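Novice: Below are the structure tokens for one structure; questions will follow.
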Amino acid sequence: MTITARELNRSTLARQLLLRREPLDAAEGVRRVVALQAQQPASPYLALWNRLADFDPAGLDAAFTDHAVVKATLMRLTLHAVHAEDHAVFREAMHPVIRASRLGSRFTASGLTAEDAEKLVPGLLEFAGRPRTTAECEAWLGERLGARPGPGAWWGLRQFTPLLHAPTAPPWSFGHRPSYIAPRTGPPRTDAESSAASLRTLVVRYLSGFGPASVADVAQFAMVTRSRARAALAELAGELDRLEGPEGEELFDLPGAPRPDATAPAPPRLMAMWDSVLLAYADRGRILPPAYRRVVIRANGDVLPTLLVDGYVAGVWRPVDGGIEAAAFHPLPEEVWEGLAVEARSLVGFLAGREPEVYWRYGHWWNRLPDATVRLLPGG
């Protein structure tokens, strides 16, 4: 069975709830899309605004407070918001990667070893039975070591330990000074067998929200080696469909998963910064045209808020006085601008009670954009 580039695009959009907004609550919405990039506090909220009908941000506030949705360092060693029932298995799958990356030379330069970290984890999780600030955690670590820890000690330990981020402040539940809390489900398993089994579960969840996908896509999403991704897919071989992709590559998918026709309409959207749909693949061209990749994904890793037109990135946006400034990288028909204007009015209303100038810290990037058609989409 073969699948074209546009069919691959539409399959992704369908699973990411971007062909139409779905009537789901916040926790179920997060479960459906598998994982939302969350290094910028507003982005999970804007991601769900794009995907859920009548989305109430208070619902996500409550889901974070109640631990129905949790925020933690997971795939690609970045902060993600995931459903609480997914957290443990995702963390188990990621354990070898997190251990190798966070207990390496930067950590050991503090005078600690990986074995020291493993011994410290149970006590830190007990200490984090309630929210703890960075200062409190560093003081706890200093007491255990009998000395002020080196600069890499807390950096490595806080990410190696399966801590969650605790809600701290409005308008988006998390401020820029994090607090940490232990997961209510207890520590994940860390043995090799559990990690391998959990990676297979992660692969199935990934395909449900982002498939069809290649070995390279799986490896990119989970930041595991291609050999680990290939082994997990081989173990699942009897449960998966195999497809031939647009370039002849082998793709894997779940039987019965949505694969809409290439002609399925894809409405315009104003996507969040770091939206997962732009980043969850080795080949990001299924959503982000290669010509725009370096404009949208900056050299330091910032991923700008984008215009999604006919299922593909067509430009970027930012809030300004009076509405949303949209910069299109290629000509757009008037009916598309009208659709974007409808989205802009809704977005301005959504932001009004929270942070009207969301993403203002990243405004310097707009001084470095290529030539574009710029329009003010009024908020009223």
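Note on naming: chains are A, B, ... as they come in the structure tokens, residues start from 1 per chain, ligands start from 1 in the order shown.
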List every residue of stretch 3-101 of chain A that has an atom at most 8 Å from any atom of stretch 154-160 of chain A, and for each one report the closest atom pair and its distance in Å to one decimal, counting only C-alpha atoms, with rows sorted by chain and then by increasing residue number, as a tab-separated table.

Specialist:
residue	atom	partner	partner_atom	distance
A:Thr73	CA	A:Gln159	CA	6.6
A:Ile98	CA	A:Phe160	CA	6.0
A:Arg99	CA	A:Phe160	CA	6.1

Novice: For all heavy atoms, I'd like the residues from the last selection saved as a CSV table (one decimal), in the first residue's frame.

Specialist:
chain,number,residue,atom,x,y,z
A,73,THR,N,10.0,16.6,31.7
A,73,THR,CA,11.0,16.3,30.7
A,73,THR,C,10.8,14.9,30.1
A,73,THR,O,10.9,14.0,30.9
A,73,THR,CB,12.4,16.5,31.3
A,73,THR,OG1,12.6,17.8,31.7
A,73,THR,CG2,13.5,16.2,30.2
A,98,ILE,N,17.7,9.7,29.0
A,98,ILE,CA,17.8,10.7,30.0
A,98,ILE,C,19.1,10.4,30.9
A,98,ILE,O,19.8,11.3,31.2
A,98,ILE,CB,16.5,10.8,30.8
A,98,ILE,CG1,15.4,11.3,29.9
A,98,ILE,CG2,16.7,11.7,32.0
A,98,ILE,CD1,14.0,11.3,30.6
A,99,ARG,N,19.2,9.2,31.2
A,99,ARG,CA,20.4,8.8,32.1
A,99,ARG,C,21.7,9.2,31.4
A,99,ARG,O,22.6,9.8,31.9
A,99,ARG,CB,20.4,7.3,32.4
A,99,ARG,CG,21.4,6.9,33.4
A,99,ARG,CD,21.4,5.4,33.7
A,99,ARG,NE,22.1,5.1,34.9
A,99,ARG,CZ,23.5,4.9,34.9
A,99,ARG,NH1,24.2,5.1,33.8
A,99,ARG,NH2,24.1,4.6,36.1

Novice: Could you give me, as a Markdown table, a per-residue list for stretch 171-269 of chain A showing, wherever an atom lies at most 10 Å from an atom of stretch 342-353 of chain A, the closest pair of atoms and their distance in Å to one decimal, using only C-alpha atoms and sorting by chain then residue number from low to high?

Specialist:
| residue | atom | partner | partner_atom | distance |
| --- | --- | --- | --- | --- |
| A:Pro171 | CA | A:Gly353 | CA | 8.5 |
| A:Pro267 | CA | A:Glu343 | CA | 9.8 |
| A:Pro268 | CA | A:Glu343 | CA | 7.6 |
| A:Arg269 | CA | A:Glu343 | CA | 6.7 |

Novice: Hey, can you check how far atom CA of A:Ala326 sits from atom CA of A:Leu19?

Specialist: 20.8 Å

Novice: Between A:Leu52, A:Ile324, A:Ala26, A:Val313, which is the closest to A:Gly285 once you count only C-alpha atoms?

Specialist: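 Nearest candidate to A:Gly285 out of A:Leu52, A:Ile324, A:Ala26, A:Val313: A:Val313.
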
Novice: Write out as a ChimeraX atom specification the set of residues from stretch 10-130 of chain A that DSSP, computed on the backbone, places in strand (DSSP E).

Specialist: /A:36-37,69-73,79-83

Novice: Keeping only all heavy atoms, write the selected residues as a PDB file, in the first residue's frame.

Specialist:
ATOM      1  N   LEU A  36       2.117  17.359  23.971  1.00  0.00           N
ATOM      2  CA  LEU A  36       2.202  18.754  23.548  1.00  0.00           C
ATOM      3  C   LEU A  36       3.506  19.349  24.054  1.00  0.00           C
ATOM      4  O   LEU A  36       3.815  19.263  25.241  1.00  0.00           O
ATOM      5  CB  LEU A  36       1.028  19.562  24.115  1.00  0.00           C
ATOM      6  CG  LEU A  36      -0.371  19.161  23.656  1.00  0.00           C
ATOM      7  CD1 LEU A  36      -1.419  19.945  24.433  1.00  0.00           C
ATOM      8  CD2 LEU A  36      -0.542  19.394  22.159  1.00  0.00           C
ATOM      9  N   GLN A  37       4.265  19.965  23.154  1.00  0.00           N
ATOM     10  CA  GLN A  37       5.471  20.676  23.579  1.00  0.00           C
ATOM     11  C   GLN A  37       5.079  21.735  24.603  1.00  0.00           C
ATOM     12  O   GLN A  37       4.098  22.456  24.425  1.00  0.00           O
ATOM     13  CB  GLN A  37       6.136  21.343  22.386  1.00  0.00           C
ATOM     14  CG  GLN A  37       6.635  20.390  21.321  1.00  0.00           C
ATOM     15  CD  GLN A  37       8.080  19.971  21.513  1.00  0.00           C
ATOM     16  OE1 GLN A  37       8.444  18.884  21.105  1.00  0.00           O
ATOM     17  NE2 GLN A  37       8.901  20.796  22.121  1.00  0.00           N
ATOM     18  N   VAL A  69      -3.305  15.948  33.700  1.00  0.00           N
ATOM     19  CA  VAL A  69      -2.284  16.233  32.686  1.00  0.00           C
ATOM     20  C   VAL A  69      -1.042  16.686  33.441  1.00  0.00           C
ATOM     21  O   VAL A  69      -1.149  17.476  34.387  1.00  0.00           O
ATOM     22  CB  VAL A  69      -2.750  17.320  31.702  1.00  0.00           C
ATOM     23  CG1 VAL A  69      -1.623  17.720  30.750  1.00  0.00           C
ATOM     24  CG2 VAL A  69      -3.964  16.843  30.909  1.00  0.00           C
ATOM     25  N   VAL A  70       0.118  16.190  33.036  1.00  0.00           N
ATOM     26  CA  VAL A  70       1.353  16.532  33.754  1.00  0.00           C
ATOM     27  C   VAL A  70       2.378  17.085  32.781  1.00  0.00           C
ATOM     28  O   VAL A  70       2.362  16.796  31.574  1.00  0.00           O
ATOM     29  CB  VAL A  70       1.930  15.316  34.507  1.00  0.00           C
ATOM     30  CG1 VAL A  70       0.930  14.816  35.543  1.00  0.00           C
ATOM     31  CG2 VAL A  70       2.311  14.194  33.554  1.00  0.00           C
ATOM     32  N   LYS A  71       3.290  17.875  33.335  1.00  0.00           N
ATOM     33  CA  LYS A  71       4.363  18.500  32.549  1.00  0.00           C
ATOM     34  C   LYS A  71       5.701  17.988  33.062  1.00  0.00           C
ATOM     35  O   LYS A  71       5.978  18.058  34.262  1.00  0.00           O
ATOM     36  CB  LYS A  71       4.278  20.023  32.680  1.00  0.00           C
ATOM     37  CG  LYS A  71       5.379  20.799  31.970  1.00  0.00           C
ATOM     38  CD  LYS A  71       5.143  22.296  32.118  1.00  0.00           C
ATOM     39  CE  LYS A  71       6.264  23.121  31.537  1.00  0.00           C
ATOM     40  NZ  LYS A  71       6.000  24.578  31.623  1.00  0.00           N
ATOM     41  N   ALA A  72       6.525  17.467  32.152  1.00  0.00           N
ATOM     42  CA  ALA A  72       7.786  16.858  32.571  1.00  0.00           C
ATOM     43  C   ALA A  72       8.747  16.793  31.399  1.00  0.00           C
ATOM     44  O   ALA A  72       8.347  16.911  30.234  1.00  0.00           O
ATOM     45  CB  ALA A  72       7.542  15.449  33.118  1.00  0.00           C
ATOM     46  N   THR A  73      10.025  16.578  31.705  1.00  0.00           N
ATOM     47  CA  THR A  73      11.025  16.338  30.678  1.00  0.00           C
ATOM     48  C   THR A  73      10.828  14.931  30.129  1.00  0.00           C
ATOM     49  O   THR A  73      10.933  13.951  30.859  1.00  0.00           O
ATOM     50  CB  THR A  73      12.444  16.486  31.254  1.00  0.00           C
ATOM     51  OG1 THR A  73      12.629  17.830  31.710  1.00  0.00           O
ATOM     52  CG2 THR A  73      13.496  16.174  30.195  1.00  0.00           C
ATOM     53  N   LEU A  79      10.447  19.669  27.524  1.00  0.00           N
ATOM     54  CA  LEU A  79       9.248  19.640  28.352  1.00  0.00           C
ATOM     55  C   LEU A  79       8.020  19.355  27.491  1.00  0.00           C
ATOM     56  O   LEU A  79       7.807  20.001  26.463  1.00  0.00           O
ATOM     57  CB  LEU A  79       9.077  20.980  29.072  1.00  0.00           C
ATOM     58  CG  LEU A  79      10.084  21.249  30.185  1.00  0.00           C
ATOM     59  CD1 LEU A  79      10.002  22.705  30.637  1.00  0.00           C
ATOM     60  CD2 LEU A  79       9.856  20.310  31.360  1.00  0.00           C
ATOM     61  N   HIS A  80       7.240  18.389  27.926  1.00  0.00           N
ATOM     62  CA  HIS A  80       5.990  18.042  27.253  1.00  0.00           C
ATOM     63  C   HIS A  80       4.858  17.981  28.279  1.00  0.00           C
ATOM     64  O   HIS A  80       5.083  17.635  29.448  1.00  0.00           O
ATOM     65  CB  HIS A  80       6.083  16.678  26.576  1.00  0.00           C
ATOM     66  CG  HIS A  80       6.803  16.686  25.272  1.00  0.00           C
ATOM     67  ND1 HIS A  80       8.179  16.723  25.175  1.00  0.00           N
ATOM     68  CD2 HIS A  80       6.340  16.691  23.987  1.00  0.00           C
ATOM     69  CE1 HIS A  80       8.531  16.716  23.900  1.00  0.00           C
ATOM     70  NE2 HIS A  80       7.432  16.698  23.158  1.00  0.00           N
ATOM     71  N   ALA A  81       3.665  18.298  27.829  1.00  0.00           N
ATOM     72  CA  ALA A  81       2.450  18.026  28.593  1.00  0.00           C
ATOM     73  C   ALA A  81       1.843  16.747  28.035  1.00  0.00           C
ATOM     74  O   ALA A  81       1.623  16.633  26.822  1.00  0.00           O
ATOM     75  CB  ALA A  81       1.459  19.181  28.460  1.00  0.00           C
ATOM     76  N   VAL A  82       1.602  15.777  28.930  1.00  0.00           N
ATOM     77  CA  VAL A  82       1.033  14.494  28.519  1.00  0.00           C
ATOM     78  C   VAL A  82      -0.057  14.097  29.508  1.00  0.00           C
ATOM     79  O   VAL A  82      -0.111  14.597  30.635  1.00  0.00           O
ATOM     80  CB  VAL A  82       2.108  13.379  28.450  1.00  0.00           C
ATOM     81  CG1 VAL A  82       3.198  13.743  27.454  1.00  0.00           C
ATOM     82  CG2 VAL A  82       2.703  13.100  29.821  1.00  0.00           C
ATOM     83  N   HIS A  83      -0.904  13.189  29.088  1.00  0.00           N
ATOM     84  CA  HIS A  83      -1.909  12.651  29.999  1.00  0.00           C
ATOM     85  C   HIS A  83      -1.187  11.883  31.110  1.00  0.00           C
ATOM     86  O   HIS A  83      -0.191  11.188  30.869  1.00  0.00           O
ATOM     87  CB  HIS A  83      -2.855  11.724  29.246  1.00  0.00           C
ATOM     88  CG  HIS A  83      -4.111  11.424  30.001  1.00  0.00           C
ATOM     89  ND1 HIS A  83      -4.155  10.477  31.000  1.00  0.00           N
ATOM     90  CD2 HIS A  83      -5.364  11.966  29.934  1.00  0.00           C
ATOM     91  CE1 HIS A  83      -5.376  10.423  31.501  1.00  0.00           C
ATOM     92  NE2 HIS A  83      -6.132  11.317  30.873  1.00  0.00           N
TER      93      HIS A  83
END

Novice: Which residues are near A:Ile297? Cut-off 9 Å, only C-alpha atoms, ignore same chain within fewer than 6 positions. Put them as a ChimeraX atom specification.

Specialist: /A:274,303-304

Novice: Need the shell around stretch 127-133 of chain A: protein/DNA/RNA residues with any atom at most 6 Å away, counting only C-alpha atoms. Skip same-chain ones fewer than 2 positions apart. Format as a ChimeraX atom specification?

Specialist: /A:124-125,135-136,179-182

Novice: Go ahead and dump the residues you just picked, C-alpha atoms, as a compact mmCIF listing (two decimals), in the first residue's frame.

Specialist:
# COMPACT_ATOMS: atom_id res chain seq x y z
CA LEU A 124 14.46 13.58 46.31
CA LEU A 125 11.12 12.08 45.28
CA ALA A 135 16.22 26.85 45.89
CA GLU A 136 14.64 24.29 48.23
CA SER A 179 8.71 24.22 41.07
CA TYR A 180 8.88 20.45 41.19
CA ILE A 181 6.71 17.68 42.58
CA ALA A 182 6.88 13.89 42.56

Novice: Per DSSP on the backbone, filter stretch 42-119 of chain A down to the residues in helix (DSSP H, G or I) and report them as a ChimeraX atom specification.

Specialist: /A:43-51,57-65,75-77,84-102,105-108,114-119

Novice: Show which residues sit within 12 Å of A:Arg298, as a PyMOL selection string. Count only C-alpha atoms, and ignore same-chain residues fewer than 3 positions away.

Specialist: chain A and resi 273-274+292-295+301-305+362+364-366+368-369

Novice: The selected residues should be written to file as an mmCIF file, in the first residue's frame (atoms: C-alpha atoms).

Specialist:
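What landed in result_32.cif:
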data_model
loop_
_atom_site.group_PDB
_atom_site.id
_atom_site.type_symbol
_atom_site.label_atom_id
_atom_site.label_comp_id
_atom_site.auth_asym_id
_atom_site.auth_seq_id
_atom_site.Cartn_x
_atom_site.Cartn_y
_atom_site.Cartn_z
ATOM 1 C CA MET A 273 5.100 28.223 19.235
ATOM 2 C CA TRP A 274 6.863 24.858 19.277
ATOM 3 C CA TYR A 292 10.558 27.747 5.306
ATOM 4 C CA ARG A 293 12.216 25.496 7.851
ATOM 5 C CA ARG A 294 15.118 27.779 8.753
ATOM 6 C CA VAL A 295 12.783 30.750 9.029
ATOM 7 C CA GLY A 301 15.782 26.146 18.698
ATOM 8 C CA ASP A 302 12.965 28.692 18.935
ATOM 9 C CA VAL A 303 10.011 27.548 16.804
ATOM 10 C CA LEU A 304 7.844 30.502 15.791
ATOM 11 C CA PRO A 305 4.018 30.585 15.865
ATOM 12 C CA TYR A 362 10.314 36.481 20.907
ATOM 13 C CA HIS A 364 13.034 40.167 17.819
ATOM 14 C CA TRP A 365 12.658 37.381 15.271
ATOM 15 C CA TRP A 366 10.261 39.494 13.225
ATOM 16 C CA ARG A 368 14.815 38.927 10.603
ATOM 17 C CA LEU A 369 11.999 37.544 8.475
#

Novice: Quick one: of A:Ala213, A:Ala219, A:Leu251, A:Val224, who's nearest to A:Thr2, counting only C-alpha atoms?

Specialist: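 Among the listed residues, A:Leu251 lies closest to A:Thr2.
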
Novice: Counting only C-alpha atoms, figure out which residue out of A:Ala93, A:Met75, A:Ala262, A:Val121 gets nearest to A:Ser11.

Specialist: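 Looking at the shortest contact to A:Ser11, the residue is A:Ala262.
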